[in-house]
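Colleague: My structure is stored as my_file-v8.cif, with mmCIF, C-alpha atoms.
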data_work
#
loop_
_atom_site.label_atom_id
_atom_site.label_comp_id
_atom_site.auth_asym_id
_atom_site.auth_seq_id
_atom_site.Cartn_x
_atom_site.Cartn_y
_atom_site.Cartn_z
CA MET A 30 21.79 -39.81 -8.39
CA PRO A 31 22.47 -39.24 -12.08
CA GLY A 32 25.50 -37.66 -13.66
CA ILE A 33 25.36 -35.08 -16.43
CA ASP A 34 24.79 -37.61 -19.25
CA GLU A 35 22.03 -39.54 -17.48
CA CYS A 36 20.33 -36.27 -16.66
CA LEU A 37 20.45 -35.14 -20.29
CA TYR A 38 19.15 -38.46 -21.62
CA GLU A 39 16.23 -38.28 -19.19
CA ALA A 40 15.47 -34.77 -20.40
CA MET A 41 15.50 -36.02 -23.98
CA ALA A 42 12.85 -38.60 -23.09
CA LEU A 43 10.33 -35.77 -22.64
CA PRO A 44 7.76 -35.37 -25.43
CA GLY A 45 8.95 -32.96 -28.11
CA ALA A 46 12.53 -32.76 -26.79
CA ARG A 47 14.94 -31.79 -29.58
CA GLY A 48 18.10 -31.02 -27.65
CA ALA A 49 19.40 -30.67 -24.11
CA SER A 50 22.55 -29.41 -22.49
CA VAL A 51 24.17 -28.49 -19.18
CA VAL A 52 25.73 -25.04 -19.48
CA GLU A 53 28.00 -23.01 -17.22
CA TRP A 54 26.78 -19.45 -17.69
CA ILE A 55 29.75 -17.34 -16.66
CA SER A 56 32.02 -18.80 -19.32
CA GLY A 57 29.26 -19.97 -21.69
CA LEU A 58 30.69 -23.49 -21.80
CA ALA A 59 28.51 -26.53 -22.50
CA LEU A 60 29.53 -29.17 -19.93
CA GLY A 61 27.45 -31.73 -21.80
CA ALA A 62 25.00 -31.74 -24.72
CA VAL A 63 22.77 -34.29 -26.48
CA GLY A 64 20.38 -34.17 -29.44
CA ASP A 65 20.23 -31.27 -31.87
CA SER A 66 20.85 -27.59 -31.34
CA PRO A 67 18.94 -24.73 -32.97
CA ASN A 68 21.97 -23.49 -34.90
CA ASP A 69 23.66 -26.87 -35.42
CA ASP A 70 26.37 -25.95 -32.95
CA HIS A 71 25.99 -26.87 -29.30
CA GLU A 72 28.88 -24.63 -28.29
CA ALA A 73 27.39 -21.55 -29.93
CA THR A 74 23.96 -22.35 -28.49
CA ALA A 75 25.51 -22.70 -25.03
CA ALA A 76 27.18 -19.31 -25.35
CA GLU A 77 23.93 -17.67 -26.44
CA THR A 78 21.77 -19.23 -23.74
CA ALA A 79 24.46 -18.43 -21.16
CA GLU A 80 24.21 -14.76 -22.01
CA LEU A 81 20.45 -14.88 -21.46
CA ALA A 82 20.86 -16.73 -18.17
CA ARG A 83 23.48 -14.27 -16.97
CA LEU A 84 21.17 -11.31 -17.53
CA ALA A 85 18.38 -13.03 -15.62
CA VAL A 86 20.68 -13.80 -12.70
CA GLU A 87 22.49 -10.48 -12.56
CA TYR A 88 19.73 -7.94 -13.05
CA ALA A 89 17.96 -6.96 -9.87
CA ALA A 90 14.56 -6.89 -11.55
CA PHE A 91 14.56 -10.69 -11.87
CA ALA A 92 15.95 -11.59 -8.47
CA PRO A 93 14.54 -9.06 -6.00
CA ALA A 94 15.76 -9.35 -2.41
CA GLY A 95 18.13 -12.14 -3.38
CA VAL A 96 15.40 -14.67 -4.21
CA PRO A 97 17.16 -16.76 -6.85
CA VAL A 98 15.86 -17.14 -10.39
CA GLU A 99 14.50 -20.63 -11.07
CA ASP A 100 13.74 -20.77 -14.80
CA VAL A 101 14.06 -18.73 -17.94
CA ILE A 102 11.47 -19.57 -20.60
CA VAL A 103 11.55 -18.38 -24.20
CA THR A 104 8.77 -19.30 -26.61
CA SER A 105 8.52 -18.80 -30.34
CA GLY A 106 6.31 -20.08 -33.12
CA ALA A 107 8.85 -22.82 -33.75
CA GLY A 108 9.71 -24.02 -30.27
CA PHE A 109 10.22 -23.59 -26.57
CA HIS A 110 13.46 -23.00 -24.71
CA LEU A 111 13.56 -23.84 -21.05
CA LEU A 112 16.53 -22.93 -18.84
CA ARG A 113 16.53 -24.35 -15.32
CA PHE A 114 19.20 -23.26 -12.83
CA VAL A 115 20.93 -26.01 -10.86
CA GLU A 116 21.46 -25.40 -7.16
CA THR A 117 24.60 -27.11 -5.90
CA GLY A 118 26.35 -27.14 -2.56
CA PHE A 119 29.12 -25.01 -4.04
CA ASP A 120 29.24 -21.92 -6.26
CA SER A 121 28.38 -23.51 -9.60
CA SER A 122 26.53 -21.11 -11.96
CA VAL A 123 25.12 -23.95 -14.07
CA PHE A 124 21.76 -24.46 -15.77
CA LEU A 125 19.96 -27.14 -17.75
CA HIS A 126 18.78 -26.10 -21.20
CA LEU A 127 16.00 -28.00 -22.95
CA TRP A 128 14.86 -27.20 -26.49
CA LEU A 129 11.34 -28.39 -27.24
CA ASP A 130 9.37 -28.68 -30.46
CA ARG A 131 6.42 -26.28 -30.47
CA GLU A 132 3.89 -28.80 -31.77
CA THR A 133 4.79 -31.85 -29.70
CA GLY A 134 6.40 -30.29 -26.64
CA ASN A 135 4.59 -29.82 -23.35
CA LEU A 136 6.08 -26.79 -21.63
CA ALA A 137 4.33 -27.28 -18.27
CA LEU A 138 5.36 -30.92 -18.02
CA ALA A 139 8.89 -30.12 -19.15
CA ARG A 140 9.25 -27.43 -16.52
CA ILE A 141 8.29 -29.80 -13.72
CA ARG A 142 10.55 -32.59 -15.00
CA LEU A 143 13.50 -30.26 -15.54
CA ARG A 144 13.12 -28.95 -12.00
CA ASP A 145 13.28 -32.53 -10.71
CA LEU A 146 16.29 -33.32 -12.87
CA ALA A 147 18.13 -30.20 -11.70
CA GLU A 148 17.52 -31.21 -8.10
CA ARG A 149 18.60 -34.80 -8.65
CA LEU A 150 21.76 -33.70 -10.45
CA ALA A 151 23.02 -32.29 -7.15
CA LEU A 152 21.30 -34.84 -4.89
CA ARG A 153 23.47 -36.75 -2.47
CA MET B 26 52.01 -38.87 -6.99
CA THR B 27 52.65 -39.88 -10.57
CA THR B 28 53.36 -43.39 -11.70
CA THR B 29 56.05 -43.20 -14.27
CA THR B 30 59.52 -44.49 -14.73
CA GLU B 31 62.09 -41.80 -15.09
CA SER B 32 63.57 -43.41 -18.18
CA ALA B 33 60.36 -42.91 -20.09
CA LEU B 34 59.95 -39.35 -18.96
CA ASP B 35 60.62 -36.04 -20.51
CA ALA B 36 60.56 -37.48 -23.97
CA MET B 37 58.95 -34.36 -25.25
CA THR B 38 59.71 -30.76 -24.55
CA THR B 39 58.00 -27.72 -25.93
CA THR B 40 59.78 -24.45 -26.05
CA GLY B 41 57.76 -22.78 -28.77
CA PRO B 42 55.80 -23.44 -31.92
CA ARG B 43 57.19 -26.36 -33.84
CA PRO B 44 55.99 -26.02 -37.39
CA GLY B 45 57.77 -29.18 -38.43
CA ARG B 46 55.72 -31.42 -36.15
CA GLU B 47 52.41 -29.63 -35.90
CA PRO B 48 50.50 -28.74 -39.05
CA ARG B 49 50.17 -24.98 -39.23
CA GLU B 50 46.43 -24.58 -39.39
CA PRO B 51 45.71 -21.75 -37.00
CA HIS B 52 42.06 -21.60 -37.97
CA ALA B 53 41.44 -25.30 -38.40
CA HIS B 54 39.56 -25.50 -35.11
CA HIS B 55 36.97 -23.00 -36.16
CA ARG B 56 34.03 -24.79 -37.58
CA PRO B 57 32.91 -23.10 -40.75
CA SER B 58 29.26 -23.72 -39.88
CA ARG B 59 29.37 -21.14 -37.09
CA PRO B 60 27.75 -17.88 -38.17
CA ALA B 61 29.90 -14.78 -38.09
CA LYS B 62 27.91 -13.29 -35.19
CA THR B 63 26.34 -15.86 -32.96
CA ALA B 64 26.66 -14.36 -29.51
CA VAL B 65 28.86 -12.11 -27.51
CA LEU B 66 30.38 -15.14 -25.90
CA ALA B 67 30.71 -17.23 -29.02
CA SER B 68 32.18 -14.95 -31.59
CA LEU B 69 34.01 -11.95 -30.35
CA ASP B 70 35.25 -9.00 -32.27
CA GLY B 71 38.79 -8.88 -33.47
CA PRO B 72 40.98 -11.52 -34.98
CA PRO B 73 40.78 -14.97 -33.42
CA SER B 74 43.62 -15.55 -31.02
CA THR B 75 45.94 -18.21 -32.23
CA THR B 76 46.69 -21.56 -30.69
CA THR B 77 49.45 -21.40 -28.11
CA ALA B 78 52.51 -23.63 -28.21
CA ASN B 79 51.33 -25.69 -25.23
CA ALA B 80 47.82 -26.04 -26.65
CA ALA B 81 49.22 -27.17 -30.00
CA THR B 82 51.35 -29.75 -28.20
CA LEU B 83 48.36 -30.97 -26.23
CA VAL B 84 46.25 -31.44 -29.37
CA HIS B 85 49.16 -33.17 -31.10
CA LEU B 86 49.60 -35.59 -28.19
CA ALA B 87 45.86 -36.19 -28.00
CA ALA B 88 45.83 -37.16 -31.68
CA GLN B 89 48.34 -39.88 -30.76
CA ARG B 90 46.02 -41.03 -27.96
CA ALA B 91 48.81 -40.31 -25.51
CA THR B 92 48.58 -40.81 -21.75
CA GLY B 93 50.59 -38.57 -19.44
CA ALA B 94 50.99 -35.08 -18.05
CA LEU B 95 51.91 -31.87 -19.88
CA LEU B 96 53.87 -30.09 -17.16
CA GLY B 97 54.68 -26.40 -17.02
CA ASP B 98 55.16 -23.66 -14.47
CA ALA B 99 51.69 -22.27 -15.14
CA GLY B 100 49.93 -25.60 -14.78
CA THR B 101 49.66 -29.26 -15.72
CA VAL B 102 47.20 -30.94 -18.07
CA TYR B 103 46.64 -34.69 -17.77
CA LEU B 104 45.78 -36.85 -20.76
CA MET B 105 44.41 -40.38 -20.68
CA ASP B 106 44.15 -42.18 -24.01
CA GLY B 107 44.19 -38.83 -25.76
CA GLU B 108 41.48 -37.20 -23.69
CA VAL B 109 41.93 -34.51 -21.04
CA VAL B 110 41.06 -35.98 -17.64
CA HIS B 111 42.41 -33.33 -15.30
CA ALA B 112 44.26 -30.04 -15.08
CA GLU B 113 45.69 -28.05 -12.23
CA SER B 114 47.41 -24.69 -11.94
CA PRO B 115 48.84 -22.56 -9.15
CA ASN B 116 46.47 -19.83 -10.36
CA ALA B 117 43.29 -21.95 -10.20
CA PRO B 118 41.68 -23.10 -6.92
CA PRO B 119 41.82 -26.90 -6.71
CA LEU B 120 38.80 -29.20 -6.60
CA ASP B 121 38.63 -29.53 -2.82
CA VAL B 122 38.66 -25.75 -2.38
CA LEU B 123 35.89 -25.34 -4.96
CA LEU B 124 33.73 -28.08 -3.43
CA GLY B 125 34.06 -26.43 -0.05
CA PRO B 126 33.32 -27.77 3.41
CA SER B 127 29.54 -27.80 2.93
CA VAL B 128 29.87 -30.46 0.23
CA LEU B 129 32.98 -32.19 1.47
CA ALA B 130 34.50 -31.86 4.92
CA PRO B 131 38.29 -31.50 4.79
CA ALA B 132 38.66 -34.68 6.83
CA ARG B 133 36.63 -36.68 4.25
CA TRP B 134 38.74 -35.27 1.45
CA GLN B 135 41.94 -36.27 3.23
CA GLU B 136 40.49 -39.70 3.90
CA ALA B 137 39.64 -40.13 0.21
CA VAL B 138 43.15 -39.09 -0.86
CA ASP B 139 44.74 -41.42 1.72
CA TYR B 140 42.62 -44.45 0.86
CA ALA B 141 42.23 -44.13 -2.90
CA GLY B 142 45.05 -41.84 -4.02
CA GLY B 143 47.48 -44.71 -4.54
CA HIS B 144 45.04 -46.40 -6.91
CA HIS B 145 44.14 -43.18 -8.75
CA GLN B 146 40.52 -43.57 -7.67
CA VAL B 147 39.88 -40.61 -5.40
CA ALA B 148 36.97 -39.40 -7.54
CA ARG B 149 35.24 -42.76 -7.34
CA TYR B 150 35.84 -42.86 -3.59
CA LEU B 151 34.27 -39.42 -3.16
CA VAL B 152 31.06 -40.62 -4.83
CA ASP B 153 30.95 -44.09 -3.28
CA HIS B 154 32.04 -43.32 0.27
CA ALA B 155 32.15 -39.56 0.90
CA GLY B 156 28.61 -38.65 -0.14
CA VAL B 157 29.47 -36.40 -3.08
CA ALA B 158 26.78 -36.45 -5.81
CA PRO B 159 28.11 -37.67 -9.18
CA GLY B 160 26.52 -34.70 -10.94
CA GLU B 161 28.01 -32.27 -8.47
CA LEU B 162 31.43 -33.82 -8.80
CA GLU B 163 31.28 -33.70 -12.62
CA ILE B 164 30.16 -30.07 -12.66
CA CYS B 165 32.72 -28.96 -10.10
CA HIS B 166 35.55 -30.94 -11.65
CA LEU B 167 34.87 -29.69 -15.18
CA GLY B 168 34.91 -26.19 -13.74
CA ALA B 169 38.30 -26.86 -12.15
CA LEU B 170 39.66 -28.58 -15.27
CA PHE B 171 38.84 -25.80 -17.74
CA ASP B 172 39.90 -23.19 -15.18
CA ALA B 173 43.38 -24.68 -14.73
CA ALA B 174 43.77 -25.43 -18.45
CA PHE B 175 43.11 -21.75 -19.17
CA PHE B 176 46.33 -20.90 -17.32
CA ALA B 177 48.36 -23.96 -18.33
CA LEU B 178 47.71 -23.28 -22.03
CA ALA B 179 48.00 -19.49 -21.87
CA PRO B 180 50.28 -17.72 -24.37
CA ASP B 181 52.62 -16.66 -21.57
CA ALA B 182 52.54 -20.02 -19.79
CA GLY B 183 56.15 -20.81 -20.65
CA PRO B 184 57.51 -24.08 -21.95
CA ALA B 185 56.00 -27.39 -20.96
CA ARG B 186 57.21 -30.97 -21.14
CA PHE B 187 55.24 -34.16 -21.43
CA ARG B 188 55.66 -37.01 -19.01
CA TYR B 189 54.43 -40.12 -20.74
CA GLY B 190 52.44 -42.42 -18.51
CA ALA B 191 51.86 -39.96 -15.67
CA ALA B 192 48.37 -40.21 -14.16
CA HIS B 193 46.62 -38.04 -11.59
CA TRP B 194 45.55 -39.56 -8.30
CA LEU B 195 42.03 -38.20 -8.75
CA GLY B 196 41.27 -40.67 -11.54
CA PRO B 197 39.07 -39.94 -14.56
CA ILE B 198 35.72 -38.24 -13.94
CA ARG B 199 34.42 -36.93 -17.24
CA PRO B 200 37.12 -36.92 -19.94
CA VAL B 201 37.06 -34.01 -22.39
CA PRO B 202 38.41 -33.91 -25.97
CA ALA B 203 41.69 -31.96 -26.11
CA ARG B 204 40.46 -29.90 -29.05
CA LEU B 205 37.51 -28.71 -26.97
CA VAL B 206 39.85 -27.67 -24.16
CA GLU B 207 42.11 -25.85 -26.63
CA ARG B 208 39.15 -24.10 -28.25
CA GLU B 209 37.61 -23.14 -24.92
CA THR B 210 40.82 -21.62 -23.50
CA ARG B 211 41.15 -19.54 -26.65
CA ARG B 212 37.52 -18.42 -26.43
CA ARG B 213 37.92 -17.49 -22.77
CA ARG B 214 40.89 -15.23 -23.52
CA ALA B 215 38.84 -13.51 -26.22
CA LEU B 216 35.88 -13.17 -23.82
CA LEU B 217 38.01 -11.41 -21.19
CA ASP B 218 39.41 -8.96 -23.71
CA HIS B 219 35.94 -8.35 -25.09
CA VAL B 220 34.69 -7.36 -21.63
CA CYS B 221 37.68 -5.11 -20.91
CA PRO B 222 40.98 -5.33 -22.81
CA CYS B 223 43.29 -4.99 -19.81
CA PRO B 224 45.24 -8.25 -19.24
CA PRO B 225 47.33 -6.84 -16.32
CA LEU B 226 44.12 -7.05 -14.23
CA ASP B 227 44.53 -10.84 -14.26
CA THR B 228 47.73 -10.85 -12.24
CA ALA B 229 48.19 -7.45 -10.58
CA PRO B 230 47.09 -6.45 -7.06
CA LEU B 231 43.65 -4.91 -7.50
CA CYS B 232 42.78 -1.37 -6.45
CA ARG B 233 39.39 0.26 -6.11
CA SER B 234 38.83 3.37 -8.11
CA ARG B 235 38.37 6.43 -5.90
CA ALA B 236 36.28 8.01 -8.59
CA ALA B 237 33.77 5.14 -8.68
CA LYS B 238 30.22 6.15 -8.01
CA PRO B 239 27.57 3.59 -7.11
CA ARG B 240 25.26 3.05 -10.03
CA ALA B 241 21.52 2.78 -9.92
CA GLY B 242 20.55 -0.87 -9.55
CA GLY B 243 23.80 -1.73 -7.85
CA LEU B 244 26.19 -4.53 -8.61
CA ALA B 245 25.50 -8.18 -9.33
CA ARG B 246 25.97 -10.23 -6.17
CA SER B 247 29.05 -12.07 -7.44
CA ARG B 248 30.79 -8.83 -8.41
CA ARG B 249 29.91 -7.18 -5.12
CA ALA B 250 31.61 -10.10 -3.33
CA VAL B 251 34.73 -9.66 -5.46
CA LEU B 252 34.80 -5.90 -4.96
CA ASP B 253 34.44 -6.32 -1.19
CA LEU B 254 37.72 -8.28 -1.16
CA VAL B 255 39.67 -5.77 -3.25
CA ASP B 256 42.15 -4.14 -0.90
CA GLY B 257 45.07 -2.98 -3.01
CA VAL B 258 47.07 -6.12 -2.19
CA ARG B 259 44.99 -9.13 -3.25
CA THR B 260 45.07 -10.40 -6.83
CA ALA B 261 42.20 -12.06 -8.70
CA THR B 262 43.75 -15.45 -7.94
CA THR B 263 43.79 -14.76 -4.19
CA ILE B 264 40.20 -13.55 -4.27
CA ALA B 265 39.08 -16.63 -6.23
CA ARG B 266 40.53 -18.88 -3.55
CA LEU B 267 38.85 -16.91 -0.76
CA LEU B 268 35.49 -17.05 -2.54
CA ARG B 269 35.96 -20.72 -3.55
CA ARG B 270 35.19 -19.81 -7.13
CA PRO B 271 37.01 -20.76 -10.33
CA ALA B 272 39.67 -18.13 -11.05
CA PHE B 273 38.28 -17.47 -14.51
CA HIS B 274 34.92 -16.50 -13.02
CA VAL B 275 36.66 -13.94 -10.83
CA LEU B 276 38.69 -12.71 -13.81
CA VAL B 277 35.43 -12.05 -15.66
CA ASP B 278 34.01 -10.17 -12.68
CA VAL B 279 37.22 -8.18 -12.29
CA ARG B 280 37.17 -7.17 -15.95
CA ARG B 281 33.49 -6.20 -15.69
CA LEU B 282 34.20 -4.17 -12.54
CA ALA B 283 37.06 -2.41 -14.31
CA ALA B 284 34.91 -1.74 -17.38
CA ALA B 285 32.27 -0.20 -15.11
CA GLY B 286 34.85 2.03 -13.46
CA TYR B 287 35.00 0.33 -10.06
CA LEU B 288 38.63 -0.71 -10.39
CA ASP B 289 41.68 1.19 -11.51
CA ALA B 290 43.78 -0.21 -14.30
CA PRO B 291 46.93 -1.58 -12.65
CA ARG B 292 49.81 0.78 -12.96
CA THR B 293 52.46 -0.90 -14.99
CA ALA B 294 55.52 -1.21 -12.85
CA PRO B 295 57.95 1.62 -13.64
CA PRO B 296 61.11 0.38 -15.28
CA ALA B 297 63.66 -0.43 -12.63
CA ALA B 298 66.04 2.47 -12.12
CA PRO B 299 69.54 1.62 -13.30
CA PRO B 300 71.79 0.77 -10.37
CA ALA B 301 73.62 3.76 -8.98
CA LEU B 302 77.15 3.92 -10.27
CA PRO B 303 80.15 5.07 -8.28
CA ALA B 304 80.95 8.74 -8.77
CA TRP B 305 84.36 8.06 -10.34
CA ILE B 306 82.68 6.45 -13.39
CA ALA B 307 81.07 9.77 -14.22
CA ASP B 308 84.44 11.44 -13.95
CA VAL B 309 85.98 8.88 -16.26
CA SER B 310 83.28 9.19 -18.90
CA ALA B 311 83.44 12.99 -18.68
CA ASP B 312 87.12 12.87 -19.38
CA PRO B 313 87.82 9.72 -21.38
CA ASP B 314 91.37 8.70 -21.69
CA LEU B 315 91.59 8.79 -25.45
CA ALA B 316 95.04 7.27 -25.47
CA LEU B 317 93.80 4.30 -23.47
CA LEU B 318 90.83 3.84 -25.77
CA ARG B 319 93.07 3.94 -28.83
CA ARG B 320 95.37 1.32 -27.31
CA LEU B 321 92.39 -0.86 -26.56
CA ARG B 322 91.10 -0.52 -30.10
CA ASP B 323 94.44 -1.30 -31.59
CA ALA B 324 94.87 -4.33 -29.37
CA LEU B 325 91.46 -5.66 -30.31
CA GLU B 326 92.04 -5.11 -34.00
CA ALA B 327 95.38 -6.82 -33.78
CA ARG B 328 93.62 -9.98 -32.58
CA LEU B 329 91.21 -10.09 -35.48
#
How does the structure come out when it is put into structure tokens?
Modeller:
Amino acid sequence: MPGIDECLYEAMALPGARGASVVEWISGLALGAVGDSPNDDHEATAAETAELARLAVEYAAFAPAGVPVEDVIVTSGAGFHLLRFVETGFDSSVFLHLWLDRETGNLALARIRLRDLAERLALR
Amino acid sequence: MTTTTESALDAMTTTGPRPGREPREPHAHHRPSRPAKTAVLASLDGPPSTTTANAATLVHLAAQRATGALLGDAGTVYLMDGEVVHAESPNAPPLDVLLGPSVLAPARWQEAVDYAGGHHQVARYLVDHAGVAPGELEICHLGALFDAAFFALAPDAGPARFRYGAAHWLGPIRPVPARLVERETRRRRALLDHVCPCPPLDTAPLCRSRAAKPRAGGLARSRRAVLDLVDGVRTATTIARLLRRPAFHVLVDVRRLAAAGYLDAPRTAPPAAPPALPAWIADVSADPDLALLRRLRDALEARL
């Protein structure tokens, strides 16, 4: 039953992890952040990733028939970005963001671990 | 529920900007490293809104590592050793409303307040004895904290005073730097105006637009829920409480609904009609007694 910080430190233990944060996507606020951020500013990164998450959640194309979005994945030649939505018992609109190095990161492993972390964050 | 002695209270009152005590650096909180255009949410068009009087006071107190409560009509922000540990506002649904009965039954909440409120350890009790996940509590509480601070530190929040030593019965959960709270409240105001620059939507009863036509693709689920509760009487604050959502989240949805044409801009209240005067006043003013007025003038001048 980890809190936000424990969850982020566990995410940072993944191979190739460069930065991790818990972000509330309606306001774009980082509730917690560790490691580096792509533009040296966790708050700006949170706002940018929140905008991406909001589009995924709000557009019908990504959540047909109300089936919730689980992840948003962005890849580039330099790295991977993995956003995992956190399901809580209340209306939370929060996701975990993990930034991985392209060379050393393992996207498939990270996705499984981030899913587990998101579940444990709200586990009672 | 606060633990303070009256003699130590009210040592500080804010009624407006106090240039003598707070360095005037309106842009000091902007980090220069941030690019001019990072994201819609991060850097919004228009001049950056300035720090409010209450926010400046909060940051000033935090720099002194103060402990206590900044109290105002629009909300209260609690500091512990210079960090923000809690905030509450009449406009923002409180933590127990946001958590809701599926996470925390009302009876368990009351039990936690009864048992641990006196020791300021309700939060710890919720995790240890009421089955609330620490992560859930942190996420929900941060949501409540920033939500209430948004109102408590608003430009129109009115004066606030600081009660040194006051602590909230919830106890610390995840303390936040005061400068982050100040920065975030400012950013949230800019975000709302970026979506739809119509601040009266935040407080006025909300009305559906009769001209609204359903768009292809429909509305996002959260906005549909808000729109369903718009009845010409309820305000955004009332709807937030009914939906158990932070008020700011509903404010964002309301502004987006208005921008998309689903809501009418609130009609600004017409200026109150001047009270009806007795008919004889009109007669008097139509036929002023010049002699009386001259005597009055002379009498007044004689006293100068």
Colleague: Considering only C-alpha atoms, return as a ChimeraX atom specification whatever protein or nucleic-acid residues lie within 7 Å of A:Gly118, sequence-local ones (same chain, fewer than 2 positions apart) excluded.
Modeller: /A:116 /B:127-128
Colleague: For the file shown, what are the residues hit by the PyMOL selection byres ((chain A) within 8 of (chain B)), laid out as a list in words?
Modeller: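 This file, filtered by the PyMOL selection byres ((chain A) within 8 of (chain B)), leaves Met30, Pro31, Gly32, Ile33, Ile55, Ser56, Gly57, Leu58, Leu60, Asp69, Asp70, Glu72, Ala73, Ala76, Glu77, Glu80, Glu87, Tyr88, Ala89, Thr117, Gly118, Phe119, Asp120, Ser121, Leu150, Ala151, Leu152 and Arg153 of chain A.
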Colleague: Selected by the PyMOL selection byres ((chain A and resi 44) around 10) in the shown coordinates: which residues, as a list in words?
Modeller: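 So the PyMOL selection byres ((chain A and resi 44) around 10) ends up selecting Ala40, Met41, Ala42, Leu43, Gly45, Ala46, Arg47, Leu129, Asp130, Glu132, Thr133, Gly134, Asn135, Leu136, Leu138 and Ala139 of chain A.
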Colleague: So which one's closest to A:His110, A:Leu84, A:Leu143, A:Ala94, A:Cys36? Using only C-alpha atoms, please.
Modeller: A:Leu143
Colleague: Using only C-alpha atoms - which residues lie no farther than 8 Å from the point (6.0, -26.4, -37.5) in the file's frame? Write them as a list of chain:residue names.
Modeller: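 Checked against the point, the hits come out as A:Gly106, A:Ala107, A:Arg131, A:Glu132.
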Colleague: Could you please take those selected residues and save C-alpha atoms as a short mmCIF file (atom, residue, chain, number, x, y, z; two decimals), keeping the file's coordinate frame?
Modeller:
data_model
loop_
_atom_site.label_atom_id
_atom_site.label_comp_id
_atom_site.auth_asym_id
_atom_site.auth_seq_id
_atom_site.Cartn_x
_atom_site.Cartn_y
_atom_site.Cartn_z
CA GLY A 106 6.31 -20.08 -33.12
CA ALA A 107 8.85 -22.82 -33.75
CA ARG A 131 6.42 -26.28 -30.47
CA GLU A 132 3.89 -28.80 -31.77
#
Colleague: Measuring atom to atom with all atoms listed in the file, identify which of A:Val63, A:Ala137, A:Val51, A:Leu127 is nearest to A:Gly108.
Modeller: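 With all atoms listed in the file as the atom set, the closest residue is A:Leu127.
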Colleague: Measuring between only C-alpha atoms, which one of B:Ala141, B:Leu321, B:Ala81, B:Leu315 shows the shortest distance to B:Pro180?
Modeller: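 With only C-alpha atoms as the atom set, the closest residue is B:Ala81.
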Colleague: Expand the PyMOL selection byres ((chain B and resi 195) around 12) into the explicit residue set it covers here, and present it as a PyMOL selection string.
Modeller: chain B and resi 26-27+103+110-113+119-121+134+137-152+162+166+170+192-194+196-199
